[in-house]
Amino acid sequence: MVNQLIYKNTKISYTDEGKGTAVLLLHGFLENKTMWKAFVPELAKKHRVITLDLLGHGETECIGYVHVMEDQADMIYTLMLYLKIRKVVLVGHSMGGYVALAFAELYPEHVKGLLLLNSTSKADSEERKINRARAIVAVKQNYGAFVSMSIANLFSEDNRERLSKEIEKVKKEALKTPLQGIVAAIEGMKIRKDRQALLHFATYPIELVLGKKDGVLNYDENIEQIEGTKVQLTTFPDGHMSHIENEKELKQVLENFLKKV
């Protein structure tokens with residue numbers, strides 16, 4: 001069942017199912033809480049599973065023209081207080097991982113575990129910031145073309161034909177994201193902090209899940225961030241959308257990770 005909470009005079013949409021350790025599933029850019037549909041029923045058998053639409057995505061409204069990761073994290077904290085949850089396991093896909101890291105930095109005592117799915121603790125490089133600025137121009141010029149191309153690029157080339165139906169579904173959900181939500185998210189991601197230190201000093205289990213053929217996050221560059229840490233690495237052979245491209249295997253990874261926390 002979908003519920004609503006008011007945060008900064010803005011409607012936040014979330015779901016809350018099951019009992020046990022609280023697990024918060026955070027979607028990525030151009031996604032919404034429906035991305036976790038295949039995972040919630042199984043996880044909710046043993047855990048309390050919460051999904052929510054981040055600011056400017058899905059059924060959650062925008063609160064401004066820049067949604068910084070810290071705002072998203074504060075919204076999560078507000079939701080946790082409302083739901084009377086003291087500690088949570090965070091699972092963040094892509095941008096959801098950036099939000100999870102911001103939350104972990106701001107509210108470390110409330111984190112029980114952190115799984116970064118196709119995500120990174122590194123800040124944007126200068127080149128990436130330039131590309132984000134170009135993306136803002138592109139989405140303002142042709143919203144539909146931008147969304148369509150962005151989604152296709154998230155899947156490895158080998159999977160685009162095999163998963164064509166799934167890709168269409170993802171595009172359909174992405175087109176529900178308002179222009180302001182897209183721009184505010186890109187602006188927020190562009191200026192996010194580097195949080196690699198968290199991977200070195202966190203006192204809870206952390207796992208990083210990466211795709212070898214991820215066109216968004218370079219695999220070799222991103223395994224550098226876990227050198228000298230206790231972070232567990234899981235590598236899949238495909239792209240940025242491990243929850244679709246490697247759904248069965250990811251379910252097992254999540255189950256194993258939740259046994260450790």
# chains A, B, ... in the order shown; residues from 1 in each chain; ligands from 1
$ residues_around --residues "segment 47-58 of chain A" --least-positions-apart "3" --cutoff "7 Å" --atoms "only C-alpha atoms" --output "ChimeraX atom specification"
/A:12-26,30-33,40,43-44,61-62,67,72,176-178,181
$ select_by_dssp --residues "segment 146-202 of chain A" --states "helix (DSSP H, G or I)" --output "count of residues only"
39
$ closest_residue --among "A:Lys11, A:Glu187, A:Gly215, A:Asp158" --to "Ala133 of chain A" --atoms "only C-alpha atoms"
A:Glu187
$ atom_distance --atom1 "atom CA of Leu198 of chain A" --atom2 "atom CA of Asn246 of chain A"
26.9 Å
$ residues_around --residues "Ser156 of chain A" --least-positions-apart "5" --cutoff "7 Å" --atoms "only C-alpha atoms" --output "mmCIF file with C-alpha atoms, in the first residue's frame"
data_model
loop_
_atom_site.group_PDB
_atom_site.id
_atom_site.type_symbol
_atom_site.label_atom_id
_atom_site.label_comp_id
_atom_site.auth_asym_id
_atom_site.auth_seq_id
_atom_site.Cartn_x
_atom_site.Cartn_y
_atom_site.Cartn_z
ATOM 1 C CA LYS A 213 29.952 -3.363 -18.697
ATOM 2 C CA ASP A 214 28.370 -0.410 -16.896
ATOM 3 C CA ASP A 238 26.387 -6.664 -17.370
ATOM 4 C CA GLY A 239 25.414 -2.977 -17.228
#
$ closest_residue --among "A:Thr34, A:Gln232, A:Asn131, A:Gln252" --to "Tyr204 of chain A" --atoms "only C-alpha atoms"
A:Gln232
$ closest_residue --among "A:Met35, A:Glu166, A:Lys84, A:Ser125" --to "Glu221 of chain A" --atoms "only C-alpha atoms"
A:Ser125
$ closest_residue --among "A:Val147, A:Val216, A:Ile85, A:Leu233" --to "Glu173 of chain A" --atoms "only C-alpha atoms"
A:Val147
$ closest_residue --among "A:Ile223, A:Ala184, A:Val99, A:Met189" --to "Tyr65 of chain A" --atoms "only C-alpha atoms"
A:Ala184
$ select_by_dssp --residues "segment 106-191 of chain A" --states "strand (DSSP E or B)" --output "MDAnalysis selection string"
chainID A and resid 111:117
$ closest_residue --among "A:Asn142, A:Arg195, A:Leu116, A:Ser150" --to "Thr234 of chain A" --atoms "only C-alpha atoms"
A:Leu116
$ residues_around --residues "Glu247 of chain A" --least-positions-apart "6" --cutoff "10 Å" --atoms "only C-alpha atoms" --output "list of chain:residue names"
A:Ala38, A:Phe39, A:Met241, A:Val253
$ closest_atom_pairs --of "segment 100-181 of chain A" --to "segment 224-228 of chain A" --cutoff "12 Å" --atoms "only C-alpha atoms" --output "JSON lines"
{"residue": "A:Leu116", "atom": "CA", "partner": "A:Ile226", "partner_atom": "CA", "distance": 11.8}
{"residue": "A:Ser119", "atom": "CA", "partner": "A:Gln225", "partner_atom": "CA", "distance": 11.2}
{"residue": "A:Thr120", "atom": "CA", "partner": "A:Gln225", "partner_atom": "CA", "distance": 8.1}
{"residue": "A:Ser121", "atom": "CA", "partner": "A:Gln225", "partner_atom": "CA", "distance": 7.4}
{"residue": "A:Lys122", "atom": "CA", "partner": "A:Gln225", "partner_atom": "CA", "distance": 7.5}
{"residue": "A:Ala123", "atom": "CA", "partner": "A:Gln225", "partner_atom": "CA", "distance": 11.2}
$ residues_around --residues "Phe29 of chain A" --least-positions-apart "4" --cutoff "8 Å" --atoms "only C-alpha atoms" --output "JSON, numbers by chain"
{"A": [94, 95, 96, 182, 185]}
$ decode --residues "segment 37-66 of chain A" --atoms "N, CA and C atoms" --output "PDB file, in the first residue's frame"
ATOM      1  N   LYS A  37       9.789  -3.591  -7.322  1.00  0.00           N
ATOM      2  CA  LYS A  37       8.610  -4.480  -7.272  1.00  0.00           C
ATOM      3  C   LYS A  37       8.970  -5.966  -7.196  1.00  0.00           C
ATOM      4  N   ALA A  38       9.978  -6.368  -7.941  1.00  0.00           N
ATOM      5  CA  ALA A  38      10.350  -7.788  -7.981  1.00  0.00           C
ATOM      6  C   ALA A  38      11.047  -8.239  -6.699  1.00  0.00           C
ATOM      7  N   PHE A  39      11.498  -7.285  -5.874  1.00  0.00           N
ATOM      8  CA  PHE A  39      12.288  -7.621  -4.690  1.00  0.00           C
ATOM      9  C   PHE A  39      11.505  -7.559  -3.381  1.00  0.00           C
ATOM     10  N   VAL A  40      10.532  -6.659  -3.309  1.00  0.00           N
ATOM     11  CA  VAL A  40       9.835  -6.417  -2.043  1.00  0.00           C
ATOM     12  C   VAL A  40       9.132  -7.664  -1.475  1.00  0.00           C
ATOM     13  N   PRO A  41       8.337  -8.409  -2.254  1.00  0.00           N
ATOM     14  CA  PRO A  41       7.591  -9.537  -1.659  1.00  0.00           C
ATOM     15  C   PRO A  41       8.491 -10.536  -0.929  1.00  0.00           C
ATOM     16  N   GLU A  42       9.605 -10.890  -1.552  1.00  0.00           N
ATOM     17  CA  GLU A  42      10.527 -11.857  -0.950  1.00  0.00           C
ATOM     18  C   GLU A  42      11.211 -11.284   0.297  1.00  0.00           C
ATOM     19  N   LEU A  43      11.708 -10.051   0.168  1.00  0.00           N
ATOM     20  CA  LEU A  43      12.409  -9.418   1.291  1.00  0.00           C
ATOM     21  C   LEU A  43      11.485  -9.189   2.490  1.00  0.00           C
ATOM     22  N   ALA A  44      10.221  -8.863   2.194  1.00  0.00           N
ATOM     23  CA  ALA A  44       9.256  -8.536   3.261  1.00  0.00           C
ATOM     24  C   ALA A  44       8.829  -9.764   4.080  1.00  0.00           C
ATOM     25  N   LYS A  45       9.219 -10.950   3.629  1.00  0.00           N
ATOM     26  CA  LYS A  45       8.894 -12.158   4.411  1.00  0.00           C
ATOM     27  C   LYS A  45       9.684 -12.188   5.727  1.00  0.00           C
ATOM     28  N   LYS A  46      10.883 -11.590   5.692  1.00  0.00           N
ATOM     29  CA  LYS A  46      11.746 -11.639   6.881  1.00  0.00           C
ATOM     30  C   LYS A  46      12.117 -10.260   7.414  1.00  0.00           C
ATOM     31  N   HIS A  47      11.829  -9.208   6.647  1.00  0.00           N
ATOM     32  CA  HIS A  47      12.271  -7.869   7.036  1.00  0.00           C
ATOM     33  C   HIS A  47      11.150  -6.838   6.870  1.00  0.00           C
ATOM     34  N   ARG A  48      11.348  -5.698   7.489  1.00  0.00           N
ATOM     35  CA  ARG A  48      10.439  -4.567   7.257  1.00  0.00           C
ATOM     36  C   ARG A  48      11.030  -3.778   6.085  1.00  0.00           C
ATOM     37  N   VAL A  49      10.345  -3.776   4.973  1.00  0.00           N
ATOM     38  CA  VAL A  49      10.895  -3.189   3.743  1.00  0.00           C
ATOM     39  C   VAL A  49      10.174  -1.885   3.400  1.00  0.00           C
ATOM     40  N   ILE A  50      10.973  -0.835   3.291  1.00  0.00           N
ATOM     41  CA  ILE A  50      10.417   0.491   2.954  1.00  0.00           C
ATOM     42  C   ILE A  50      10.966   0.933   1.610  1.00  0.00           C
ATOM     43  N   THR A  51      10.088   1.379   0.734  1.00  0.00           N
ATOM     44  CA  THR A  51      10.527   2.012  -0.513  1.00  0.00           C
ATOM     45  C   THR A  51       9.941   3.426  -0.511  1.00  0.00           C
ATOM     46  N   LEU A  52      10.634   4.351  -1.150  1.00  0.00           N
ATOM     47  CA  LEU A  52      10.048   5.687  -1.270  1.00  0.00           C
ATOM     48  C   LEU A  52      10.468   6.332  -2.569  1.00  0.00           C
ATOM     49  N   ASP A  53       9.699   7.315  -2.993  1.00  0.00           N
ATOM     50  CA  ASP A  53      10.060   8.113  -4.166  1.00  0.00           C
ATOM     51  C   ASP A  53      10.895   9.286  -3.675  1.00  0.00           C
ATOM     52  N   LEU A  54      12.113   9.389  -4.192  1.00  0.00           N
ATOM     53  CA  LEU A  54      12.976  10.511  -3.819  1.00  0.00           C
ATOM     54  C   LEU A  54      12.418  11.816  -4.384  1.00  0.00           C
ATOM     55  N   LEU A  55      12.923  12.929  -3.890  1.00  0.00           N
ATOM     56  CA  LEU A  55      12.406  14.251  -4.294  1.00  0.00           C
ATOM     57  C   LEU A  55      12.368  14.411  -5.814  1.00  0.00           C
ATOM     58  N   GLY A  56      11.219  14.864  -6.313  1.00  0.00           N
ATOM     59  CA  GLY A  56      11.078  15.119  -7.745  1.00  0.00           C
ATOM     60  C   GLY A  56      10.970  13.877  -8.603  1.00  0.00           C
ATOM     61  N   HIS A  57      10.737  12.728  -7.990  1.00  0.00           N
ATOM     62  CA  HIS A  57      10.615  11.466  -8.726  1.00  0.00           C
ATOM     63  C   HIS A  57       9.325  10.758  -8.319  1.00  0.00           C
ATOM     64  N   GLY A  58       8.780   9.949  -9.233  1.00  0.00           N
ATOM     65  CA  GLY A  58       7.568   9.180  -8.919  1.00  0.00           C
ATOM     66  C   GLY A  58       6.448  10.076  -8.442  1.00  0.00           C
ATOM     67  N   GLU A  59       5.896   9.744  -7.281  1.00  0.00           N
ATOM     68  CA  GLU A  59       4.764  10.522  -6.737  1.00  0.00           C
ATOM     69  C   GLU A  59       5.195  11.522  -5.666  1.00  0.00           C
ATOM     70  N   THR A  60       6.506  11.729  -5.548  1.00  0.00           N
ATOM     71  CA  THR A  60       7.017  12.723  -4.590  1.00  0.00           C
ATOM     72  C   THR A  60       7.308  14.022  -5.332  1.00  0.00           C
ATOM     73  N   GLU A  61       6.829  15.106  -4.764  1.00  0.00           N
ATOM     74  CA  GLU A  61       6.968  16.400  -5.447  1.00  0.00           C
ATOM     75  C   GLU A  61       8.375  16.990  -5.285  1.00  0.00           C
ATOM     76  N   CYS A  62       8.646  18.059  -6.013  1.00  0.00           N
ATOM     77  CA  CYS A  62       9.922  18.778  -5.919  1.00  0.00           C
ATOM     78  C   CYS A  62       9.866  19.759  -4.745  1.00  0.00           C
ATOM     79  N   ILE A  63      11.038  20.030  -4.141  1.00  0.00           N
ATOM     80  CA  ILE A  63      11.055  21.067  -3.102  1.00  0.00           C
ATOM     81  C   ILE A  63      11.881  22.277  -3.556  1.00  0.00           C
ATOM     82  N   GLY A  64      12.434  22.196  -4.771  1.00  0.00           N
ATOM     83  CA  GLY A  64      13.226  23.335  -5.255  1.00  0.00           C
ATOM     84  C   GLY A  64      13.807  23.045  -6.620  1.00  0.00           C
ATOM     85  N   TYR A  65      14.787  23.852  -7.005  1.00  0.00           N
ATOM     86  CA  TYR A  65      15.399  23.689  -8.323  1.00  0.00           C
ATOM     87  C   TYR A  65      16.712  22.927  -8.268  1.00  0.00           C
ATOM     88  N   VAL A  66      17.185  22.658  -7.051  1.00  0.00           N
ATOM     89  CA  VAL A  66      18.351  21.792  -6.846  1.00  0.00           C
ATOM     90  C   VAL A  66      18.017  20.868  -5.676  1.00  0.00           C
TER      91      VAL A  66
END
